[in-house]
$ cat upload_31.txt   # compact mmCIF, C-alpha atoms
# COMPACT_ATOMS: atom_id res chain seq x y z
CA MET A 9 21.61 -2.98 4.88
CA SER A 10 21.81 -5.36 7.85
CA PRO A 11 20.40 -8.86 7.34
CA ALA A 12 16.93 -9.67 8.62
CA PRO A 13 16.92 -11.33 12.05
CA PRO A 14 16.36 -15.10 12.16
CA GLN A 15 12.73 -16.13 12.39
CA PRO A 16 11.34 -18.94 14.56
CA PRO A 17 10.03 -22.04 12.83
CA ALA A 18 6.59 -21.66 11.32
CA GLY A 19 3.84 -21.71 13.91
CA THR A 20 6.19 -21.13 16.88
CA GLU A 21 7.47 -18.13 18.76
CA SER A 22 9.27 -17.64 22.05
CA ALA A 23 7.58 -15.90 24.96
CA ALA A 24 10.34 -13.32 24.97
CA THR A 25 9.71 -12.26 21.37
CA ALA A 26 5.95 -12.73 21.17
CA SER A 27 4.05 -9.52 20.53
CA PRO A 28 0.91 -8.76 22.58
CA ALA A 29 -1.20 -9.86 19.62
CA ARG A 30 0.51 -13.28 19.55
CA ARG A 31 -0.09 -14.35 23.17
CA ALA A 32 -2.91 -16.70 24.09
CA ALA A 33 -6.31 -15.16 24.74
CA PRO A 34 -7.78 -15.24 28.25
CA ASP A 35 -10.05 -18.19 28.99
CA GLY A 36 -13.78 -17.62 28.84
CA VAL A 37 -13.72 -14.63 26.50
CA ARG A 38 -16.59 -14.65 24.01
CA ALA A 39 -17.03 -12.81 20.72
CA GLY A 40 -18.14 -9.24 21.35
CA GLU A 41 -16.33 -9.04 24.70
CA SER A 42 -12.96 -7.85 23.41
CA GLY A 43 -10.70 -5.75 25.56
CA ALA A 44 -9.70 -3.56 22.63
CA GLY A 45 -10.50 0.14 22.63
CA PRO A 46 -12.21 2.02 19.79
CA VAL A 47 -12.19 0.04 16.56
CA THR A 48 -12.12 1.25 12.95
CA VAL A 49 -12.66 -1.30 10.20
CA ALA A 50 -11.96 -1.36 6.47
CA PHE A 51 -13.62 -4.01 4.30
CA CYS A 52 -11.85 -4.72 1.01
CA PRO A 53 -11.98 -7.46 -1.62
CA GLN A 54 -8.95 -9.58 -2.40
CA PRO A 55 -8.62 -9.99 -6.18
CA PRO A 56 -4.99 -10.03 -7.37
CA LEU A 57 -6.22 -7.67 -10.12
CA LEU A 58 -6.06 -4.91 -7.50
CA LEU A 59 -2.33 -4.79 -8.21
CA PRO A 60 -1.63 -2.91 -11.46
CA ALA A 61 1.27 -5.29 -12.15
CA VAL A 62 -1.21 -8.18 -12.24
CA ALA A 63 -4.05 -6.33 -13.95
CA GLY A 64 -1.87 -5.27 -16.88
CA THR A 65 -4.05 -3.88 -19.64
CA ALA A 66 -7.13 -4.32 -17.44
CA ALA A 67 -5.72 -1.94 -14.81
CA ALA A 68 -7.96 0.89 -16.01
CA GLU A 69 -11.02 -1.22 -15.16
CA THR A 70 -9.95 -1.47 -11.53
CA VAL A 71 -8.93 2.17 -10.97
CA ALA A 72 -12.12 3.00 -9.06
CA LEU A 73 -11.84 -0.18 -7.00
CA ARG A 74 -8.22 0.57 -6.02
CA ALA A 75 -9.15 4.14 -5.12
CA ALA A 76 -12.00 2.95 -2.92
CA CYS A 77 -9.74 0.43 -1.17
CA ARG A 78 -7.11 3.10 -0.59
CA ALA A 79 -9.73 5.42 0.89
CA ALA A 80 -11.05 2.68 3.19
CA VAL A 81 -7.59 1.69 4.42
CA THR A 82 -6.59 5.34 4.88
CA ALA A 83 -9.70 5.89 7.02
CA VAL A 84 -8.36 3.20 9.35
CA THR A 85 -4.69 4.19 9.38
CA ALA A 86 -5.61 7.85 9.95
CA GLN A 87 -6.86 6.82 13.40
CA ASP A 88 -3.27 5.84 14.32
CA PRO A 89 -4.18 2.37 15.61
CA ALA A 90 -1.85 0.71 18.10
CA VAL A 91 -2.10 -2.46 15.97
CA LEU A 92 -3.68 -3.09 12.59
CA LEU A 93 -5.10 -6.57 12.11
CA VAL A 94 -5.45 -8.06 8.64
CA VAL A 95 -8.22 -10.65 8.75
CA GLY A 96 -8.87 -13.17 6.01
CA ASP A 97 -9.17 -16.79 5.03
CA GLY A 98 -6.23 -18.81 6.30
CA PRO A 99 -5.18 -21.55 8.72
CA ALA A 100 -6.41 -21.05 12.27
CA GLY A 101 -3.83 -20.52 14.98
CA VAL A 102 -1.22 -18.88 12.72
CA ARG A 103 -0.40 -15.19 13.03
CA TYR A 104 1.57 -13.46 10.32
CA GLY A 105 4.15 -10.77 10.97
CA ALA A 106 7.73 -9.71 10.28
CA GLY A 107 9.57 -11.87 7.76
CA ASP A 108 6.46 -13.52 6.31
CA ALA A 109 5.58 -12.94 2.66
CA GLY A 110 3.29 -13.90 -0.19
CA ASP A 111 3.75 -13.76 -3.92
CA LEU A 112 1.78 -13.35 -7.15
CA ARG A 113 3.69 -15.87 -9.25
CA GLY A 114 0.54 -17.91 -9.72
CA HIS A 115 -0.87 -14.89 -11.57
CA GLY A 116 2.01 -14.51 -13.98
CA VAL A 117 3.91 -11.84 -12.02
CA ASP A 118 7.24 -12.41 -10.29
CA LEU A 119 6.32 -10.22 -7.34
CA THR A 120 6.89 -10.90 -3.64
CA VAL A 121 4.79 -9.01 -1.09
CA PRO A 122 6.31 -8.96 2.43
CA PHE A 123 3.77 -8.74 5.21
CA SER A 124 5.84 -6.51 7.49
CA GLY A 125 9.43 -5.46 6.84
CA PRO A 126 11.74 -7.47 4.58
CA ALA A 127 10.80 -11.02 3.64
CA HIS A 128 12.88 -13.70 5.35
CA PRO A 129 13.82 -17.05 3.76
CA ASP A 130 12.36 -18.90 6.75
CA GLY A 131 9.21 -16.75 6.93
CA ARG A 132 5.75 -18.18 6.54
CA ARG A 133 4.01 -18.04 3.17
CA LEU A 134 1.03 -15.68 3.31
CA PRO A 135 -2.43 -16.79 2.19
CA PRO A 136 -3.81 -14.74 -0.74
CA ALA A 137 -6.04 -12.58 1.49
CA HIS A 138 -3.12 -11.49 3.66
CA THR A 139 -0.87 -10.97 0.65
CA ILE A 140 -3.33 -8.55 -0.95
CA GLY A 141 -4.04 -6.99 2.44
CA ALA A 142 -0.35 -6.28 3.02
CA TRP A 143 -0.12 -4.68 -0.43
CA LEU A 144 -3.13 -2.46 0.35
CA LEU A 145 -1.53 -1.29 3.60
CA ASP A 146 1.73 -0.51 1.81
CA ASP A 147 -0.17 1.26 -0.96
CA ALA A 148 -1.86 3.47 1.66
CA GLY A 149 1.52 4.26 3.25
CA HIS A 150 0.88 2.41 6.51
CA ARG A 151 4.09 1.67 8.42
CA GLY A 152 2.71 0.87 11.87
CA PRO A 153 2.48 -2.51 13.60
CA ARG A 154 0.37 -5.09 11.79
CA VAL A 155 -0.61 -8.69 12.46
CA GLY A 156 -2.30 -11.11 10.07
CA VAL A 157 -4.86 -13.51 11.50
CA ALA A 158 -7.39 -16.06 10.29
CA ALA A 159 -11.07 -15.21 10.58
CA ALA A 160 -11.53 -17.91 13.21
CA ASP A 161 -8.92 -16.29 15.47
CA LEU A 162 -10.28 -12.73 15.40
CA PRO A 163 -12.34 -12.84 18.64
CA ALA A 164 -9.42 -14.23 20.64
CA VAL A 165 -6.96 -11.69 19.22
CA LEU A 166 -9.31 -8.79 19.91
CA ALA A 167 -9.62 -9.98 23.51
CA GLU A 168 -5.84 -9.74 23.95
CA LEU A 169 -5.50 -6.15 22.82
CA THR A 170 -6.07 -2.79 24.40
CA GLY A 171 -5.96 0.69 22.90
CA ARG A 172 -7.13 1.93 19.54
CA LEU A 173 -7.38 -0.84 17.00
CA GLY A 174 -7.61 -1.01 13.21
CA VAL A 175 -8.97 -3.99 11.31
CA LEU A 176 -8.65 -4.70 7.58
CA VAL A 177 -11.16 -7.39 6.59
CA MET A 178 -10.37 -9.09 3.30
CA GLY A 179 -12.92 -10.98 1.21
CA ASP A 180 -14.83 -11.05 -2.06
CA GLY A 181 -18.56 -11.30 -2.58
CA SER A 182 -20.14 -13.99 -4.73
CA ALA A 183 -18.19 -15.25 -7.74
CA ARG A 184 -21.45 -16.22 -9.45
CA ARG A 185 -22.76 -12.83 -10.52
CA SER A 186 -22.72 -13.42 -14.30
CA GLU A 187 -22.57 -16.15 -16.93
CA LYS A 188 -18.84 -15.48 -17.38
CA ALA A 189 -18.09 -15.41 -13.64
CA PRO A 190 -15.71 -18.05 -12.22
CA GLY A 191 -18.66 -20.04 -10.86
CA ALA A 192 -21.23 -19.22 -13.56
CA LEU A 193 -24.46 -17.36 -12.87
CA ASP A 194 -26.59 -18.07 -9.81
CA PRO A 195 -29.75 -15.93 -9.43
CA ALA A 196 -29.20 -15.81 -5.65
CA ALA A 197 -25.76 -14.21 -5.98
CA ALA A 198 -26.80 -10.58 -6.53
CA PRO A 199 -29.40 -10.54 -3.70
CA PHE A 200 -26.84 -12.14 -1.37
CA ASP A 201 -24.23 -9.48 -2.14
CA ALA A 202 -26.89 -6.76 -1.83
CA ALA A 203 -27.70 -7.96 1.68
CA VAL A 204 -24.02 -7.82 2.62
CA ALA A 205 -23.76 -4.32 1.12
CA ARG A 206 -26.70 -3.15 3.27
CA ALA A 207 -25.10 -4.57 6.40
CA LEU A 208 -21.82 -2.85 5.60
CA ALA A 209 -23.53 0.47 4.86
CA ASP A 210 -25.58 0.28 8.06
CA GLY A 211 -22.77 -0.85 10.34
CA ASP A 212 -24.93 -3.87 11.13
CA ALA A 213 -22.58 -6.31 12.86
CA ALA A 214 -25.42 -8.70 13.75
CA ALA A 215 -26.40 -9.04 10.08
CA LEU A 216 -22.85 -9.96 9.10
CA ALA A 217 -22.58 -12.45 11.95
CA ALA A 218 -25.82 -14.08 10.77
CA LEU A 219 -24.68 -14.73 7.19
CA ASP A 220 -25.29 -18.33 6.16
CA PRO A 221 -21.88 -20.00 5.64
CA GLY A 222 -23.46 -22.75 3.55
CA GLN A 223 -25.02 -20.25 1.18
CA GLY A 224 -21.77 -18.31 1.07
CA GLU A 225 -19.89 -21.46 0.08
CA ARG A 226 -22.43 -22.33 -2.62
CA LEU A 227 -22.23 -18.82 -4.05
CA LEU A 228 -18.41 -18.82 -3.88
CA ALA A 229 -18.44 -15.75 -1.61
CA ALA A 230 -14.92 -15.90 -0.19
CA GLY A 231 -15.53 -13.06 2.24
CA VAL A 232 -18.19 -14.82 4.32
CA PRO A 233 -15.89 -16.34 7.00
CA ALA A 234 -14.15 -13.01 7.64
CA TRP A 235 -17.41 -11.03 7.50
CA ARG A 236 -19.07 -13.39 9.97
CA ALA A 237 -16.08 -13.21 12.30
CA VAL A 238 -15.93 -9.42 12.43
CA GLY A 239 -19.69 -9.23 12.82
CA ALA A 240 -19.62 -11.59 15.80
CA ALA A 241 -16.58 -9.91 17.34
CA LEU A 242 -18.07 -6.41 17.17
CA ALA A 243 -21.66 -7.33 18.05
CA GLY A 244 -23.15 -4.83 20.46
CA ARG A 245 -20.90 -1.94 19.47
CA ALA A 246 -22.43 1.19 17.95
CA LEU A 247 -20.93 1.39 14.48
CA ALA A 248 -21.26 3.97 11.72
CA GLY A 249 -20.93 2.34 8.30
CA GLU A 250 -20.11 3.76 4.88
CA LEU A 251 -20.27 1.78 1.64
CA LEU A 252 -17.59 3.06 -0.76
CA HIS A 253 -17.81 0.61 -3.65
CA ASP A 254 -20.22 -2.08 -4.84
CA GLU A 255 -19.62 -3.58 -8.28
CA ALA A 256 -19.10 -6.93 -10.00
CA PRO A 257 -17.04 -6.07 -13.09
CA PHE A 258 -15.82 -9.63 -13.68
CA GLY A 259 -18.82 -11.46 -12.30
CA VAL A 260 -17.42 -11.28 -8.75
CA GLY A 261 -18.87 -8.97 -6.12
CA TYR A 262 -16.35 -6.40 -4.90
CA LEU A 263 -17.51 -4.52 -1.81
CA VAL A 264 -15.53 -1.77 -0.06
CA ALA A 265 -16.72 -0.17 3.16
CA THR A 266 -15.66 1.31 6.49
CA TRP A 267 -16.99 1.02 10.00
CA ARG A 268 -16.20 3.53 12.72
CA GLN A 269 -17.12 2.99 16.33
CA ARG A 270 -19.37 5.77 17.58
$ encode --input "upload_31.txt" --output "structure tokens"
Amino acid sequence: MSPAPPQPPAGTESAATASPARRAAPDGVRAGESGAGPVTVAFCPQPPLLLPAVAGTAAAETVALRAACRAAVTAVTAQDPAVLLVVGDGPAGVRYGAGDAGDLRGHGVDLTVPFSGPAHPDGRRLPPAHTIGAWLLDDAGHRGPRVGVAAADLPAVLAELTGRLGVLVMGDGSARRSEKAPGALDPAAAPFDAAVARALADGDAAALAALDPGQGERLLAAGVPAWRAVGAALAGRALAGELLHDEAPFGVGYLVATWRQR
């Protein structure tokens, strides 16, 4: 096997090697005015427990969740997108690609998850959302081009692209759904997640864009930045939504859905 090609220093890339999704966006482009063609979106949560190697004996409790995520991702990859964007919490201005990788060592598993192709020693370290997102794409058998971006960068990246596009949006609902949840019980958590579930089921981009970031932070809903970003970016498009999964087995809301542009 030939060695992986050298990677540029983190946060840099030459004009000669930059992919279309890594070039600067045109000036004056606003959310909802992307140049991309038809868009298909998968919404998935990002718990490390999605990986059977991490779940261990609890893997049986996440079988339905993994199956729903696989179905959502497959709905996107089946459209043969020119590029598949993985959107999640992470530093703005950084785009993840070949050579970058994340790991699950913080969860007791010596497992490295490359984002695209083999991991490179000089590659960037993936945020958790993009690590789990890369695993979901691999699990669904996706081998096409993929780029990882922060939620804040989604509108600009969409504006750069043309052709059919796939988007995998990573993020959990509230982590305050029960007394044993990571953030303890908050009575507002279930209604908040229910409102997100309705927006996902209805393909209501405006409702996602209007989510209150302050409330999302208080309820420990990690998906709010990514949900707001995709809602704003796709505002005005006619979208058909389907909610595939809505549960909180560990006191954290796990929502899985798809959007298809009509």
$ atom_distance --input "upload_31.txt" --atom1 "atom CA of A:Thr266" --atom2 "atom CA of A:Glu250"
5.3 Å
$ atom_distance --input "upload_31.txt" --atom1 "atom CA of A:Ala72" --atom2 "atom CA of A:Gly152"
25.7 Å
$ residues_near_point --input "upload_31.txt" --point "(-27.6, -2.9, 4.4)" --cutoff "12 Å" --atoms "only C-alpha atoms" --output "PyMOL selection string"
chain A and resi 199-216+248-251+254+263+265
$ atom_distance --input "upload_31.txt" --atom1 "atom CA of A:Asp161" --atom2 "atom CA of A:Val175"
13.0 Å
$ closest_residue --input "upload_31.txt" --among "A:Gly149, A:Pro195, A:Gly244, A:Gly179" --to "A:Val84" --atoms "all atoms listed in the file"
A:Gly149
$ residues_around --input "upload_31.txt" --residues "A:Gly105" --least-positions-apart "2" --cutoff "8 Å" --atoms "only C-alpha atoms" --output "list of chain:residue names"
A:Arg103, A:Gly107, A:Asp108, A:Phe123, A:Ser124, A:Arg154, A:Val155, A:Gly156
$ closest_residue --input "upload_31.txt" --among "A:Ala79, A:Val232, A:Val260, A:Leu57" --to "A:Lys188" --atoms "all atoms listed in the file"
A:Val260
$ closest_residue --input "upload_31.txt" --among "A:Leu227, A:Ala183, A:Ala76, A:Met178" --to "A:Asp97" --atoms "all atoms listed in the file"
A:Met178
$ closest_residue --input "upload_31.txt" --among "A:Arg78, A:Arg226, A:His150, A:Arg270" --to "A:Ser182" --atoms "all atoms listed in the file"
A:Arg226
$ residues_near_point --input "upload_31.txt" --point "(-4.4, -10.3, 6.1)" --cutoff "8 Å" --atoms "only C-alpha atoms" --output "list of chain:residue names"
A:Leu93, A:Val94, A:Val95, A:Gly96, A:Tyr104, A:Pro135, A:Ala137, A:His138, A:Thr139, A:Ile140, A:Gly141, A:Ala142, A:Val155, A:Gly156, A:Val157, A:Ala158, A:Leu176, A:Val177, A:Met178
$ closest_residue --input "upload_31.txt" --among "A:Arg133, A:His253, A:Arg268, A:Arg113" --to "A:Gly174" --atoms "all atoms listed in the file"
A:Arg268
$ closest_residue --input "upload_31.txt" --among "A:Ala218, A:Ala83, A:Ala90, A:Cys52" --to "A:Pro153" --atoms "all atoms listed in the file"
A:Ala90
$ build_atoms --input "upload_31.txt" --residues "stretch 127-138 of chain A" --atoms "all heavy atoms" --output "tab-separated table (two decimals), in the coordinates of the input"
chain	number	residue	atom	x	y	z
A	127	ALA	N	11.11	-9.59	3.61
A	127	ALA	CA	10.80	-11.02	3.64
A	127	ALA	C	12.02	-11.79	4.11
A	127	ALA	O	13.16	-11.40	3.85
A	127	ALA	CB	10.38	-11.50	2.25
A	128	HIS	N	11.79	-12.87	4.85
A	128	HIS	CA	12.88	-13.70	5.35
A	128	HIS	C	12.76	-15.09	4.74
A	128	HIS	O	11.66	-15.61	4.57
A	128	HIS	CB	12.82	-13.79	6.88
A	128	HIS	CG	14.03	-14.42	7.49
A	128	HIS	ND1	14.18	-15.79	7.64
A	128	HIS	CD2	15.17	-13.86	7.97
A	128	HIS	CE1	15.35	-16.05	8.19
A	128	HIS	NE2	15.97	-14.90	8.41
A	129	PRO	N	13.89	-15.72	4.39
A	129	PRO	CA	13.82	-17.05	3.76
A	129	PRO	C	13.04	-18.07	4.57
A	129	PRO	O	12.43	-18.98	4.01
A	129	PRO	CB	15.30	-17.46	3.63
A	129	PRO	CG	16.05	-16.16	3.60
A	129	PRO	CD	15.28	-15.22	4.48
A	130	ASP	N	13.06	-17.94	5.89
A	130	ASP	CA	12.36	-18.90	6.75
A	130	ASP	C	10.97	-18.41	7.15
A	130	ASP	O	10.31	-19.03	7.99
A	130	ASP	CB	13.18	-19.18	8.02
A	130	ASP	CG	14.48	-19.88	7.71
A	130	ASP	OD1	14.52	-20.64	6.73
A	130	ASP	OD2	15.47	-19.64	8.43
A	131	GLY	N	10.53	-17.28	6.58
A	131	GLY	CA	9.21	-16.75	6.93
A	131	GLY	C	8.09	-17.62	6.40
A	131	GLY	O	8.26	-18.41	5.46
A	132	ARG	N	6.93	-17.45	6.99
A	132	ARG	CA	5.75	-18.18	6.54
A	132	ARG	C	5.27	-17.62	5.19
A	132	ARG	O	5.45	-16.44	4.91
A	132	ARG	CB	4.61	-18.07	7.56
A	132	ARG	CG	4.94	-18.56	8.96
A	132	ARG	CD	3.77	-18.28	9.88
A	132	ARG	NE	4.04	-18.61	11.26
A	132	ARG	CZ	4.64	-17.80	12.13
A	132	ARG	NH1	5.02	-16.59	11.75
A	132	ARG	NH2	4.84	-18.18	13.37
A	133	ARG	N	4.62	-18.48	4.43
A	133	ARG	CA	4.01	-18.04	3.17
A	133	ARG	C	2.61	-17.52	3.47
A	133	ARG	O	1.80	-18.21	4.08
A	133	ARG	CB	3.95	-19.19	2.17
A	133	ARG	CG	3.37	-18.79	0.81
A	133	ARG	CD	3.20	-20.03	-0.06
A	133	ARG	NE	2.60	-19.70	-1.33
A	133	ARG	CZ	3.28	-19.40	-2.43
A	133	ARG	NH1	4.60	-19.40	-2.39
A	133	ARG	NH2	2.65	-19.12	-3.56
A	134	LEU	N	2.32	-16.30	3.03
A	134	LEU	CA	1.03	-15.68	3.31
A	134	LEU	C	-0.07	-16.30	2.46
A	134	LEU	O	0.13	-16.58	1.27
A	134	LEU	CB	1.08	-14.19	3.01
A	134	LEU	CG	2.03	-13.31	3.80
A	134	LEU	CD1	1.95	-11.88	3.27
A	134	LEU	CD2	1.70	-13.34	5.28
A	135	PRO	N	-1.27	-16.46	3.02
A	135	PRO	CA	-2.43	-16.79	2.19
A	135	PRO	C	-2.74	-15.62	1.26
A	135	PRO	O	-2.30	-14.48	1.51
A	135	PRO	CB	-3.56	-16.98	3.22
A	135	PRO	CG	-2.87	-17.19	4.53
A	135	PRO	CD	-1.60	-16.39	4.45
A	136	PRO	N	-3.51	-15.84	0.20
A	136	PRO	CA	-3.81	-14.74	-0.74
A	136	PRO	C	-4.44	-13.52	-0.07
A	136	PRO	O	-4.08	-12.38	-0.40
A	136	PRO	CB	-4.79	-15.40	-1.73
A	136	PRO	CG	-4.40	-16.84	-1.72
A	136	PRO	CD	-4.01	-17.14	-0.30
A	137	ALA	N	-5.37	-13.72	0.86
A	137	ALA	CA	-6.04	-12.58	1.49
A	137	ALA	C	-5.05	-11.68	2.21
A	137	ALA	O	-5.12	-10.45	2.13
A	137	ALA	CB	-7.09	-13.08	2.48
A	138	HIS	N	-4.09	-12.28	2.90
A	138	HIS	CA	-3.12	-11.49	3.66
A	138	HIS	C	-2.06	-10.88	2.75
A	138	HIS	O	-1.51	-9.82	3.05
A	138	HIS	CB	-2.49	-12.36	4.75
A	138	HIS	CG	-3.49	-12.86	5.74
A	138	HIS	ND1	-4.25	-13.99	5.51
A	138	HIS	CD2	-3.90	-12.38	6.94
A	138	HIS	CE1	-5.06	-14.19	6.53
A	138	HIS	NE2	-4.87	-13.23	7.41
